[in-house]
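Q: So I've got this file, entry_12.cif, and it contains mmCIF, N, CA and C atoms:
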data_model
loop_
_atom_site.label_atom_id
_atom_site.label_comp_id
_atom_site.auth_asym_id
_atom_site.auth_seq_id
_atom_site.Cartn_x
_atom_site.Cartn_y
_atom_site.Cartn_z
N MET A 168 -12.94 -15.27 19.58
CA MET A 168 -12.24 -14.79 18.42
C MET A 168 -11.13 -13.84 18.85
N SER A 169 -9.98 -14.01 18.30
CA SER A 169 -8.88 -13.10 18.65
C SER A 169 -8.90 -11.89 17.72
N GLN A 170 -8.37 -10.81 18.22
CA GLN A 170 -8.32 -9.59 17.44
C GLN A 170 -6.87 -9.32 17.06
N ILE A 171 -6.64 -9.08 15.77
CA ILE A 171 -5.28 -8.80 15.29
C ILE A 171 -5.04 -7.31 15.38
N GLU A 172 -3.95 -6.94 16.02
CA GLU A 172 -3.60 -5.54 16.13
C GLU A 172 -2.51 -5.22 15.12
N GLY A 173 -2.58 -4.03 14.54
CA GLY A 173 -1.58 -3.59 13.58
C GLY A 173 -0.30 -3.16 14.28
N TYR A 174 0.70 -2.97 13.47
CA TYR A 174 1.97 -2.49 13.99
C TYR A 174 1.89 -0.99 14.26
N ILE A 175 2.66 -0.55 15.21
CA ILE A 175 2.72 0.88 15.53
C ILE A 175 3.95 1.46 14.85
N ILE A 176 3.75 2.50 14.08
CA ILE A 176 4.87 3.19 13.44
C ILE A 176 5.29 4.30 14.38
N ARG A 177 6.40 4.12 15.02
CA ARG A 177 6.83 5.07 16.04
C ARG A 177 7.41 6.36 15.45
N ASP A 178 8.14 6.26 14.36
CA ASP A 178 8.70 7.45 13.72
C ASP A 178 8.05 7.63 12.36
N GLN A 179 7.03 8.45 12.29
CA GLN A 179 6.23 8.66 11.08
C GLN A 179 7.00 9.39 9.97
N SER A 180 8.18 9.93 10.30
CA SER A 180 8.92 10.75 9.33
C SER A 180 9.97 9.98 8.55
N LYS A 181 10.20 8.74 8.87
CA LYS A 181 11.26 7.95 8.22
C LYS A 181 10.68 7.01 7.16
N PRO A 182 11.50 6.64 6.16
CA PRO A 182 11.05 5.63 5.19
C PRO A 182 10.84 4.28 5.89
N HIS A 183 9.87 3.51 5.41
CA HIS A 183 9.58 2.20 5.97
C HIS A 183 9.38 1.18 4.87
N PHE A 184 9.73 -0.05 5.17
CA PHE A 184 9.46 -1.19 4.31
C PHE A 184 8.13 -1.76 4.76
N ILE A 185 7.15 -1.77 3.86
CA ILE A 185 5.79 -2.20 4.18
C ILE A 185 5.42 -3.40 3.31
N THR A 186 4.79 -4.39 3.90
CA THR A 186 4.23 -5.51 3.15
C THR A 186 2.73 -5.55 3.40
N ALA A 187 1.97 -5.63 2.32
CA ALA A 187 0.51 -5.75 2.42
C ALA A 187 0.11 -7.05 1.73
N THR A 188 -0.68 -7.85 2.42
CA THR A 188 -1.06 -9.15 1.87
C THR A 188 -2.54 -9.17 1.52
N VAL A 189 -2.89 -10.09 0.64
CA VAL A 189 -4.27 -10.30 0.24
C VAL A 189 -4.89 -11.30 1.23
N VAL A 190 -6.15 -11.08 1.58
CA VAL A 190 -6.84 -12.00 2.49
C VAL A 190 -6.75 -13.42 1.95
N ASP A 191 -6.40 -14.34 2.81
CA ASP A 191 -6.24 -15.76 2.47
C ASP A 191 -5.19 -16.01 1.40
N TRP A 192 -4.34 -15.05 1.15
CA TRP A 192 -3.23 -15.19 0.21
C TRP A 192 -3.69 -15.59 -1.20
N VAL A 193 -4.85 -15.08 -1.61
CA VAL A 193 -5.38 -15.37 -2.94
C VAL A 193 -4.53 -14.65 -3.99
N ASP A 194 -4.24 -15.31 -5.10
CA ASP A 194 -3.36 -14.76 -6.14
C ASP A 194 -4.09 -13.79 -7.06
N VAL A 195 -4.58 -12.69 -6.51
CA VAL A 195 -5.34 -11.73 -7.32
C VAL A 195 -4.45 -10.92 -8.26
N PHE A 196 -3.21 -10.69 -7.88
CA PHE A 196 -2.35 -9.84 -8.69
C PHE A 196 -1.71 -10.58 -9.86
N SER A 197 -2.14 -11.80 -10.11
CA SER A 197 -1.67 -12.51 -11.30
C SER A 197 -2.38 -11.95 -12.55
N ARG A 198 -3.46 -11.20 -12.34
CA ARG A 198 -4.17 -10.55 -13.45
C ARG A 198 -3.73 -9.10 -13.57
N LYS A 199 -3.44 -8.69 -14.81
CA LYS A 199 -2.93 -7.34 -15.07
C LYS A 199 -3.86 -6.24 -14.56
N VAL A 200 -5.16 -6.44 -14.68
CA VAL A 200 -6.11 -5.41 -14.27
C VAL A 200 -5.96 -5.06 -12.79
N TYR A 201 -5.65 -6.03 -11.96
CA TYR A 201 -5.50 -5.78 -10.53
C TYR A 201 -4.13 -5.19 -10.20
N LYS A 202 -3.11 -5.59 -10.94
CA LYS A 202 -1.80 -4.94 -10.77
C LYS A 202 -1.90 -3.47 -11.14
N ASP A 203 -2.64 -3.19 -12.22
CA ASP A 203 -2.82 -1.80 -12.65
C ASP A 203 -3.54 -0.97 -11.59
N CYS A 204 -4.45 -1.59 -10.85
CA CYS A 204 -5.15 -0.89 -9.76
C CYS A 204 -4.17 -0.45 -8.68
N ILE A 205 -3.26 -1.34 -8.33
CA ILE A 205 -2.24 -1.00 -7.32
C ILE A 205 -1.38 0.15 -7.81
N ILE A 206 -0.94 0.07 -9.05
CA ILE A 206 -0.09 1.13 -9.61
C ILE A 206 -0.84 2.45 -9.66
N GLU A 207 -2.11 2.42 -10.04
CA GLU A 207 -2.93 3.63 -10.07
C GLU A 207 -3.08 4.23 -8.67
N SER A 208 -3.28 3.39 -7.68
CA SER A 208 -3.40 3.87 -6.30
C SER A 208 -2.09 4.48 -5.81
N LEU A 209 -0.97 3.85 -6.16
CA LEU A 209 0.33 4.40 -5.79
C LEU A 209 0.55 5.77 -6.44
N GLU A 210 0.23 5.87 -7.73
CA GLU A 210 0.38 7.15 -8.43
C GLU A 210 -0.48 8.24 -7.78
N TYR A 211 -1.70 7.89 -7.41
CA TYR A 211 -2.59 8.85 -6.76
C TYR A 211 -1.98 9.32 -5.43
N CYS A 212 -1.48 8.39 -4.64
CA CYS A 212 -0.91 8.76 -3.34
C CYS A 212 0.34 9.62 -3.50
N VAL A 213 1.14 9.36 -4.51
CA VAL A 213 2.32 10.19 -4.76
C VAL A 213 1.89 11.61 -5.13
N LYS A 214 0.90 11.73 -6.00
CA LYS A 214 0.47 13.05 -6.47
C LYS A 214 -0.37 13.82 -5.46
N ASN A 215 -1.18 13.10 -4.66
CA ASN A 215 -2.18 13.79 -3.84
C ASN A 215 -2.05 13.59 -2.33
N LYS A 216 -1.30 12.61 -1.90
CA LYS A 216 -1.27 12.29 -0.46
C LYS A 216 0.10 12.48 0.18
N GLY A 217 1.08 12.94 -0.59
CA GLY A 217 2.40 13.17 -0.01
C GLY A 217 3.27 11.93 0.13
N MET A 218 2.98 10.90 -0.64
CA MET A 218 3.79 9.68 -0.58
C MET A 218 5.09 9.88 -1.35
N ILE A 219 6.18 9.49 -0.72
CA ILE A 219 7.47 9.37 -1.40
C ILE A 219 7.66 7.88 -1.60
N LEU A 220 7.67 7.45 -2.84
CA LEU A 220 7.76 6.03 -3.18
C LEU A 220 9.16 5.73 -3.67
N TYR A 221 9.91 4.97 -2.88
CA TYR A 221 11.28 4.61 -3.24
C TYR A 221 11.32 3.35 -4.10
N GLY A 222 10.37 2.46 -3.89
CA GLY A 222 10.33 1.25 -4.69
C GLY A 222 9.16 0.38 -4.28
N TYR A 223 8.78 -0.52 -5.19
CA TYR A 223 7.70 -1.44 -4.89
C TYR A 223 7.87 -2.71 -5.72
N VAL A 224 7.29 -3.79 -5.22
CA VAL A 224 7.24 -5.06 -5.93
C VAL A 224 5.83 -5.60 -5.75
N ILE A 225 5.20 -5.96 -6.85
CA ILE A 225 3.87 -6.57 -6.79
C ILE A 225 4.04 -8.06 -7.05
N MET A 226 3.76 -8.85 -6.03
CA MET A 226 3.81 -10.30 -6.16
C MET A 226 2.38 -10.77 -6.47
N THR A 227 2.16 -12.06 -6.64
CA THR A 227 0.83 -12.52 -7.00
C THR A 227 -0.20 -12.35 -5.89
N ASN A 228 0.25 -12.35 -4.63
CA ASN A 228 -0.71 -12.27 -3.52
C ASN A 228 -0.31 -11.29 -2.42
N HIS A 229 0.68 -10.47 -2.69
CA HIS A 229 1.08 -9.43 -1.73
C HIS A 229 1.93 -8.39 -2.45
N ILE A 230 2.13 -7.27 -1.76
CA ILE A 230 2.99 -6.22 -2.32
C ILE A 230 4.00 -5.78 -1.26
N HIS A 231 5.14 -5.34 -1.73
CA HIS A 231 6.17 -4.75 -0.88
C HIS A 231 6.35 -3.31 -1.31
N LEU A 232 6.46 -2.41 -0.35
CA LEU A 232 6.66 -1.00 -0.63
C LEU A 232 7.77 -0.45 0.25
N ILE A 233 8.53 0.47 -0.29
CA ILE A 233 9.42 1.30 0.52
C ILE A 233 8.92 2.71 0.32
N ILE A 234 8.30 3.25 1.39
CA ILE A 234 7.63 4.54 1.28
C ILE A 234 7.96 5.45 2.47
N GLU A 235 7.70 6.72 2.24
CA GLU A 235 7.86 7.75 3.28
C GLU A 235 6.73 8.75 3.08
N SER A 236 6.36 9.46 4.12
CA SER A 236 5.31 10.47 4.04
C SER A 236 5.93 11.86 4.12
N ARG A 237 5.60 12.71 3.15
CA ARG A 237 6.11 14.09 3.15
C ARG A 237 5.61 14.88 4.35
N ASN A 238 4.42 14.55 4.84
CA ASN A 238 3.85 15.31 5.95
C ASN A 238 3.92 14.56 7.28
N ASN A 239 4.80 13.56 7.36
CA ASN A 239 5.07 12.83 8.60
C ASN A 239 3.83 12.13 9.17
N LYS A 240 2.96 11.67 8.30
CA LYS A 240 1.76 10.94 8.72
C LYS A 240 1.69 9.62 7.97
N LEU A 241 2.67 8.77 8.17
CA LEU A 241 2.77 7.52 7.42
C LEU A 241 1.60 6.60 7.69
N SER A 242 1.13 6.54 8.92
CA SER A 242 -0.02 5.68 9.24
C SER A 242 -1.26 6.09 8.45
N ASP A 243 -1.51 7.40 8.37
CA ASP A 243 -2.65 7.90 7.60
C ASP A 243 -2.48 7.59 6.12
N LEU A 244 -1.27 7.73 5.63
CA LEU A 244 -0.98 7.45 4.23
C LEU A 244 -1.25 5.99 3.87
N ILE A 245 -0.80 5.08 4.71
CA ILE A 245 -1.02 3.65 4.48
C ILE A 245 -2.52 3.34 4.53
N ARG A 246 -3.21 3.91 5.49
CA ARG A 246 -4.67 3.72 5.57
C ARG A 246 -5.35 4.19 4.29
N ASP A 247 -4.99 5.38 3.82
CA ASP A 247 -5.61 5.93 2.62
C ASP A 247 -5.29 5.08 1.39
N PHE A 248 -4.06 4.62 1.29
CA PHE A 248 -3.67 3.77 0.16
C PHE A 248 -4.50 2.49 0.13
N LYS A 249 -4.70 1.88 1.28
CA LYS A 249 -5.46 0.63 1.34
C LYS A 249 -6.95 0.86 1.03
N LYS A 250 -7.46 2.05 1.29
CA LYS A 250 -8.86 2.34 1.07
C LYS A 250 -9.18 2.72 -0.36
N LEU A 251 -8.19 3.17 -1.13
CA LEU A 251 -8.44 3.61 -2.50
C LEU A 251 -8.99 2.46 -3.33
N GLN A 252 -9.98 2.76 -4.11
CA GLN A 252 -10.57 1.75 -4.99
C GLN A 252 -10.67 2.34 -6.40
N PRO A 253 -9.60 2.24 -7.16
CA PRO A 253 -9.62 2.79 -8.51
C PRO A 253 -10.66 2.09 -9.39
N LYS A 254 -11.04 2.75 -10.44
CA LYS A 254 -12.00 2.19 -11.38
C LYS A 254 -11.36 1.00 -12.10
N LEU A 255 -11.99 -0.16 -12.03
CA LEU A 255 -11.43 -1.35 -12.66
C LEU A 255 -11.74 -1.45 -14.14
N PHE A 256 -12.90 -1.04 -14.53
CA PHE A 256 -13.30 -1.25 -15.93
C PHE A 256 -13.89 0.01 -16.51
#
Turn this file's structure into structure tokens for me.

A:
Amino acid sequence: MSQIEGYIIRDQSKPHFITATVVDWVDVFSRKVYKDCIIESLEYCVKNKGMILYGYVIMTNHIHLIIESRNNKLSDLIRDFKKLQPKLF
């Protein structure tokens, strides 16, 4: 089995264009409840994690973000964003 390695963010202080995909490209974001989860997670990161959000697009099976970290820890910010699990119902 091969191991996939993530990208290295060399300059943690600059804005970056990030794409996050759904496993197997399943169209989960075609449902409003799941799009709302992404938006809720983004709002949380802006308010509590130091995210500067320049823009985002939610597609049916992936998202695009242009973000920056106020505390120059973009890798930590992305990790925290991916781990957030807002209340669905």

Q: Would you list the contacts of Trp192 of chain A as a PyMOL selection string, taking every protein, DNA or RNA residue within 12 Å and counting only C-alpha atoms, but skipping same-chain residues closer than 6 positions in sequence?

A: chain A and resi 226-230

Q: Mind pulling up the distance from atom N of Ile225 of chain A to atom CA of Pro182 of chain A?

A: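 Atom-to-atom, atom CA of Pro182 of chain A and atom N of Ile225 of chain A are spaced 17.7 Å apart.
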
Q: Return as a list in words the full set of residues in chain A whose backbone-based DSSP assignment is strand (DSSP E or B).

A: His183, Phe184, Ile185, Thr186, Ala187, Thr188, Met218, Ile219, Leu220, Tyr221, Gly222, Tyr223, Val224, Ile225, His229, Ile230, His231, Leu232, Ile233, Ile234, Glu235 and Ser236 of chain A

Q: I'd like the interatomic distance between atom N of Phe248 of chain A and atom C of Val213 of chain A, to a tenth of an Å.

A: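 Separating atom N of Phe248 of chain A from atom C of Val213 of chain A is a distance of 11.2 Å.
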
Q: How close does segment 218-253 of chain A get to segment 199-211 of chain A? List, as JSON lines, each residue of segment 218-253 of chain A within 8 Å, its nearest atom pair and the distance in Å to one decimal, counting only N, CA and C atoms.

A:
{"residue": "A:Met218", "atom": "N", "partner": "A:Tyr211", "partner_atom": "C", "distance": 7.1}
{"residue": "A:Leu220", "atom": "CA", "partner": "A:Leu209", "partner_atom": "C", "distance": 7.9}
{"residue": "A:Ile225", "atom": "CA", "partner": "A:Lys202", "partner_atom": "CA", "distance": 7.1}
{"residue": "A:Asp247", "atom": "C", "partner": "A:Ser208", "partner_atom": "C", "distance": 7.9}
{"residue": "A:Phe248", "atom": "CA", "partner": "A:Ser208", "partner_atom": "C", "distance": 6.2}
{"residue": "A:Lys249", "atom": "N", "partner": "A:Ser208", "partner_atom": "CA", "distance": 7.9}
{"residue": "A:Leu251", "atom": "CA", "partner": "A:Ser208", "partner_atom": "CA", "distance": 6.3}
{"residue": "A:Gln252", "atom": "N", "partner": "A:Ser208", "partner_atom": "CA", "distance": 7.0}
{"residue": "A:Pro253", "atom": "CA", "partner": "A:Cys204", "partner_atom": "CA", "distance": 5.9}

Q: Could you work out how far atom CA of Ile219 of chain A lies from atom CA of Ser236 of chain A, giving the answer in Å with one decimal?

A: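 According to the coordinates, atom CA of Ser236 of chain A and atom CA of Ile219 of chain A are separated by 6.0 Å.
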
Q: Find the spatial neighbours of Phe184 of chain A, counting all atoms listed in the file, within a cut-off of 7 Å - ignore same-chain residues fewer than 4 positions away - and output them as number ranges by chain.

A: A: 231-234

Q: Would you kindly return, as a list of chain:residue names, each protein, DNA or RNA residue with an atom no farther than 12 Å from any atom of Asp243 of chain A, considering only C-alpha atoms and excluding same-chain residues fewer than 3 positions away?

A: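 Non-adjacent residues within range: A:Ile175, A:Ile176, A:Gln179, A:Cys212, A:Lys216, A:Gly217, A:Met218, A:Glu235, A:Ser236, A:Arg237, A:Asn238, A:Asn239, A:Lys240, A:Arg246, A:Asp247, A:Phe248, A:Lys249, A:Lys250.
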
Q: Suppose we keep N, CA and C atoms; can you now write the selection as a tab-separated table (two decimals), keeping the file's coordinate frame?

A:
chain	number	residue	atom	x	y	z
A	175	ILE	N	2.66	-0.55	15.21
A	175	ILE	CA	2.72	0.88	15.53
A	175	ILE	C	3.95	1.46	14.85
A	176	ILE	N	3.75	2.50	14.08
A	176	ILE	CA	4.87	3.19	13.44
A	176	ILE	C	5.29	4.30	14.38
A	179	GLN	N	7.03	8.45	12.29
A	179	GLN	CA	6.23	8.66	11.08
A	179	GLN	C	7.00	9.39	9.97
A	212	CYS	N	-1.48	8.39	-4.64
A	212	CYS	CA	-0.91	8.76	-3.34
A	212	CYS	C	0.34	9.62	-3.50
A	216	LYS	N	-1.30	12.61	-1.90
A	216	LYS	CA	-1.27	12.29	-0.46
A	216	LYS	C	0.10	12.48	0.18
A	217	GLY	N	1.08	12.94	-0.59
A	217	GLY	CA	2.40	13.17	-0.01
A	217	GLY	C	3.27	11.93	0.13
A	218	MET	N	2.98	10.90	-0.64
A	218	MET	CA	3.79	9.68	-0.58
A	218	MET	C	5.09	9.88	-1.35
A	235	GLU	N	7.70	6.72	2.24
A	235	GLU	CA	7.86	7.75	3.28
A	235	GLU	C	6.73	8.75	3.08
A	236	SER	N	6.36	9.46	4.12
A	236	SER	CA	5.31	10.47	4.04
A	236	SER	C	5.93	11.86	4.12
A	237	ARG	N	5.60	12.71	3.15
A	237	ARG	CA	6.11	14.09	3.15
A	237	ARG	C	5.61	14.88	4.35
A	238	ASN	N	4.42	14.55	4.84
A	238	ASN	CA	3.85	15.31	5.95
A	238	ASN	C	3.92	14.56	7.28
A	239	ASN	N	4.80	13.56	7.36
A	239	ASN	CA	5.07	12.83	8.60
A	239	ASN	C	3.83	12.13	9.17
A	240	LYS	N	2.96	11.67	8.30
A	240	LYS	CA	1.76	10.94	8.72
A	240	LYS	C	1.69	9.62	7.97
A	246	ARG	N	-3.21	3.91	5.49
A	246	ARG	CA	-4.67	3.72	5.57
A	246	ARG	C	-5.35	4.19	4.29
A	247	ASP	N	-4.99	5.38	3.82
A	247	ASP	CA	-5.61	5.93	2.62
A	247	ASP	C	-5.29	5.08	1.39
A	248	PHE	N	-4.06	4.62	1.29
A	248	PHE	CA	-3.67	3.77	0.16
A	248	PHE	C	-4.50	2.49	0.13
A	249	LYS	N	-4.70	1.88	1.28
A	249	LYS	CA	-5.46	0.63	1.34
A	249	LYS	C	-6.95	0.86	1.03
A	250	LYS	N	-7.46	2.05	1.29
A	250	LYS	CA	-8.86	2.34	1.07
A	250	LYS	C	-9.18	2.72	-0.36
